[in-house]
Each structure stands twice: as structure tokens, then as C-alpha cells.
Amino acid sequence: MGNAESASPLLAVDGLTVEFSTRAGSVRPLDAITFDIARGETVALLGESGSGKSVTAQAIMGLLPRPAGRITSGRITFDGDELTAMSPEKVRALCGTRIAMIFQDPLSSLNPVFRIGAQVAEPLRRRLGMRQQDAMRRALELLRRVGIPDAERRMHHYPHQFSGGQRQRIMIAMALALDPDLLIADEPTTALDVTVQAQIMQLLSDLQAEHGMAILLITHDLGVVADAASRAVVLYAGRVAEEGRIRDVYDNSAHPYTEGLLASIPQADQGGGKLRSITGAPPNPLAFPQGCRFHPRCPYAQERCRDERPELRHPTGWASDQAASCHFTEEVLQHG
């Protein structure tokens, strides 16, 4: 999975802040988030819908909707090059080759009027200048590698003729066509049944072992990534709530939000009992709470939490490299 302590991470996101202009006012879906990914490592970016996960991916890929969306502060550095200082053309060129992305809805990402083989072959022709015959041959190899049955025949089919899991495999084949150094997988198992989810996650793990690529795995489903990632970054309302080795984060949560997320995962031994949930709802991005943004939903909240924004810090006396944005991290760990 790579070494998170590498002196030179492949991807470094440092103090990234993103704003959107809307009719109702300015929205800041990301507020000074920081994390990095080492070469060959898998990092899980976790959180509820609206926490800022997909906006993070869009910012890295240069896909923020213009002119409404913009990076207002912070830096994104990839292999020593600052993406936030590049022209949009250079970012697109880099993201078309060394950084690839799997989107959460493969049916809307695939062109319905072109056959699958042609769509997988297109980046090979456009980016690498391959001849049509060679690109199609390579597309067939990729479709076979991601487990499309009877790939030689099915590469001539259209997207609607494939199941959801098969379409996600096709998206993975397209992402891997140019052998990227970093793969961003945005909710790659959404709307798939549990068995297919496990197959997709195993496929990504196998392909990572073969190609040595790093993976940023974006999901709201904590159960999906428990065995897939080496580290976790938990977002809440556009800020980093917690980060650390994934086993530490799962076994000894240092932030009340992470604790609540994990407690809400259904357990096999629960029987017919009531499912647990986090009280309340995520805040309106147009009116984030002052202080800690989680305090209206937090069982540990005190007056300080309403007024003072907590900084991301390592718990006092804690041997792990975990960090959490909570005034009462030590109490949370003690409770867990």
C-alpha cells in the first residue's frame, strides 16, 4: 500500500479552500483541508453526502464548474508540480495521462451512442497516437483484464447492454488505459449489490498491485474500504474531522463524527434491533455553524465548541499518528 511517511508524497493537498458563487450567496464546500498520498498507497476519503469529497476530486482534476467554482486558497501538488499554478490546459493534459478518475455514475459517464471498445480505445488514440487497430487490440486486453466476459464480442456492444457492475469495470478499464500514477475512484461501488461491491474492490486492489498506482478512494460507505485502504481522511462539512491509519481510525475513533459514522454501520449480530444514527442532519453550506461545525449533532459538545474552531491535532499522550479536529479528542478516545 505504500509508505505514508514518504518524504515526497505523490499528491499533496495543502490548505485547499474552494468557493462557489450562487444566487443565494457564496458557499465554501471545502475549508482549508490538508492531506497527502504516497506512491502506491490507498487513502480513503470518507464522509456523508455533502461533506466535500467529490468537490475535492473535482479540484484535483481541474473539473470545478467555471466560473461559479474556484480555488480561493491552498495548493495541490502532484509529483512536485503545483497543479494550482498550472494553466487549465496543462492540468487537463496531466489529468488525462498520469491522473485518472472513475466517476460514481458510469452510465452517465459513458457515451450512449458509441460502442464500448471504441470508448476504451479513444484515449489511446488521442493521447498516445496509437493506430486504430492497435488501440482496439489494447482495448480488448483491458476489457479482458477487468473481467468483462466474452470481451471480444461485447466490446462491440453499447453501454445500456451492460449491467451496473460491468459498466463500472469498463470505466476502470478506461481509467487504466494510460497507466496512471494516481487513480481517483469516486464512489466506485454506489448502487451495486454487496457481492459486486466486493468484486470491484478486489479488482482495484489487484490492479494496484500490478501497476503500482496510488488510489484516492472516495466513499460514504465505511464498510467498503475497511480492508482496502491504508489511511483514512474523514471530512465533515468541508473540513477534515479526523485522519490516520485506517485501523486506528476504525478501532479507536478520535472524533465524535467518526465514532457516530462507525456506530451507524449495521452489524450482523444486531438482529432486529433499531439501527443507530447520528442525530440531526448535515448543516446548510450557506450557514455553517460557528466554532466546530459538528457541535449541533455532537454528544460531547460544550460551550467552547460553539465559539471556537478546533484545530487538527494529535491527541495528548496518544502513540498513534492519528489527528482529529476536536477540543475533546482525549475524552472521545477514552469513551471508545
# chains A, B, ... in the order shown; residues from 1 in each chain; ligands from 1
>>> residues_around(residues="Ile37 of chain A", least_positions_apart="5", cutoff="12 Å", atoms="only C-alpha atoms", output="ChimeraX atom specification")
/A:1-14,42-45,76-79,181-184,213-217,229-233,244
>>> closest_residue(among="A:Ala151, A:Leu107, A:Val146, A:Ala241", to="Ile33 of chain A", atoms="only C-alpha atoms")
A:Ala241
>>> closest_residue(among="A:Asp150, A:Asp186, A:Glu330, A:Asp206", to="Ser253 of chain A", atoms="only C-alpha atoms")
A:Glu330
>>> residues_around(residues="Pro67 of chain A", least_positions_apart="6", cutoff="12 Å", atoms="only C-alpha atoms", output="PyMOL selection string")
chain A and resi 19-22
>>> residues_around(residues="Ala281 of chain A", least_positions_apart="3", cutoff="12 Å", atoms="only C-alpha atoms", output="number ranges by chain")
A: 48-51, 236-237, 257, 277-278, 284-285, 288, 293-298
>>> residues_around(residues="Met61 of chain A", least_positions_apart="4", cutoff="12 Å", atoms="only C-alpha atoms", output="JSON, numbers by chain")
{"A": [11, 54, 55, 56, 57, 65, 76, 77, 78, 83, 84, 86, 88, 89, 90, 91, 92, 93, 94, 95, 96, 97, 98, 99, 100, 101, 102, 103, 182, 183, 184, 185, 186]}
>>> residues_around(residues="Gly147 of chain A", least_positions_apart="3", cutoff="9 Å", atoms="only C-alpha atoms", output="ChimeraX atom specification")
/A:142-144,151,166,169,203
>>> write_last_selection(atoms="N, CA and C atoms", output="mmCIF file, in the first residue's frame")
data_model
loop_
_atom_site.group_PDB
_atom_site.id
_atom_site.type_symbol
_atom_site.label_atom_id
_atom_site.label_comp_id
_atom_site.auth_asym_id
_atom_site.auth_seq_id
_atom_site.Cartn_x
_atom_site.Cartn_y
_atom_site.Cartn_z
ATOM 1 N N LEU A 142 -7.627 -4.702 -22.146
ATOM 2 C CA LEU A 142 -8.073 -4.042 -20.928
ATOM 3 C C LEU A 142 -9.430 -4.562 -20.471
ATOM 4 N N LEU A 143 -10.349 -4.758 -21.402
ATOM 5 C CA LEU A 143 -11.664 -5.275 -21.045
ATOM 6 C C LEU A 143 -11.563 -6.687 -20.481
ATOM 7 N N ARG A 144 -10.685 -7.486 -21.048
ATOM 8 C CA ARG A 144 -10.467 -8.824 -20.502
ATOM 9 C C ARG A 144 -9.870 -8.737 -19.099
ATOM 10 N N ALA A 151 -15.241 -10.745 -23.933
ATOM 11 C CA ALA A 151 -14.897 -9.344 -24.225
ATOM 12 C C ALA A 151 -14.784 -9.056 -25.714
ATOM 13 N N GLN A 166 -20.738 -4.264 -14.567
ATOM 14 C CA GLN A 166 -19.928 -4.343 -15.780
ATOM 15 C C GLN A 166 -19.560 -2.954 -16.299
ATOM 16 N N ARG A 169 -16.707 -1.726 -14.362
ATOM 17 C CA ARG A 169 -15.479 -2.362 -14.823
ATOM 18 C C ARG A 169 -14.963 -1.695 -16.107
ATOM 19 N N LEU A 203 -10.858 -6.069 -7.538
ATOM 20 C CA LEU A 203 -10.262 -5.732 -8.825
ATOM 21 C C LEU A 203 -9.329 -4.536 -8.693
#
>>> select_by_dssp(residues="segment 5-159 of chain A", states="helix (DSSP H, G or I)", output="PyMOL selection string")
chain A and resi 53-61+83-85+88-95+106-109+116-128+132-145+151-154+159
>>> closest_residue(among="A:Leu178, A:Gln168, A:Gly80, A:Gln302", to="Arg126 of chain A", atoms="only C-alpha atoms")
A:Leu178
>>> residues_around(residues="Thr258 of chain A", least_positions_apart="3", cutoff="12 Å", atoms="only C-alpha atoms", output="ChimeraX atom specification")
/A:46-48,220,222,232-236,240-244,246,248-255,261-265,277-278,294,298,323-326,329,332-333,336
>>> write_last_selection(atoms="C-alpha atoms", output="short mmCIF file (atom, residue, chain, number, x, y, z; two decimals), in the first residue's frame")
data_model
loop_
_atom_site.label_atom_id
_atom_site.label_comp_id
_atom_site.auth_asym_id
_atom_site.auth_seq_id
_atom_site.Cartn_x
_atom_site.Cartn_y
_atom_site.Cartn_z
CA LEU A 46 -14.76 9.40 3.94
CA GLY A 47 -17.87 11.31 4.95
CA GLU A 48 -21.59 11.81 4.39
CA HIS A 220 -19.58 7.38 2.26
CA LEU A 222 -17.08 2.90 5.63
CA ALA A 232 -8.36 7.42 6.12
CA VAL A 233 -9.25 11.11 5.92
CA VAL A 234 -12.70 11.87 7.34
CA LEU A 235 -14.44 15.03 6.10
CA TYR A 236 -17.34 16.82 7.76
CA VAL A 240 -11.00 17.41 7.98
CA ALA A 241 -12.52 15.87 11.10
CA GLU A 242 -10.00 13.07 11.54
CA GLU A 243 -7.12 11.35 9.78
CA GLY A 244 -4.81 8.44 10.49
CA ILE A 246 -7.40 3.20 8.87
CA ASP A 248 -6.54 3.19 14.20
CA VAL A 249 -9.40 5.36 12.94
CA TYR A 250 -11.82 2.42 12.89
CA ASP A 251 -10.75 0.82 16.18
CA ASN A 252 -10.14 4.00 18.23
CA SER A 253 -12.03 6.92 16.69
CA ALA A 254 -10.68 10.26 17.90
CA HIS A 255 -13.57 12.43 16.63
CA LEU A 261 -20.38 7.03 11.47
CA LEU A 262 -18.90 3.73 12.59
CA ALA A 263 -21.67 3.12 15.13
CA SER A 264 -24.27 3.53 12.37
CA ILE A 265 -22.87 0.63 10.29
CA SER A 277 -27.69 7.00 13.63
CA ILE A 278 -26.13 10.41 14.17
CA PHE A 294 -20.30 19.28 14.18
CA CYS A 298 -22.26 16.12 18.96
CA ALA A 323 -5.15 13.57 14.38
CA ALA A 324 -8.62 15.00 14.97
CA SER A 325 -10.30 18.41 14.89
CA CYS A 326 -11.95 18.18 18.29
CA THR A 329 -10.41 14.19 21.50
CA VAL A 332 -13.66 10.54 22.78
CA LEU A 333 -10.77 8.08 22.79
CA GLY A 336 -14.23 4.32 22.77
#
>>> atom_distance(atom1="atom CA of Arg125 of chain A", atom2="atom CA of Met174 of chain A")
12.3 Å
>>> atom_distance(atom1="atom CA of Leu286 of chain A", atom2="atom CA of Pro29 of chain A")
9.2 Å
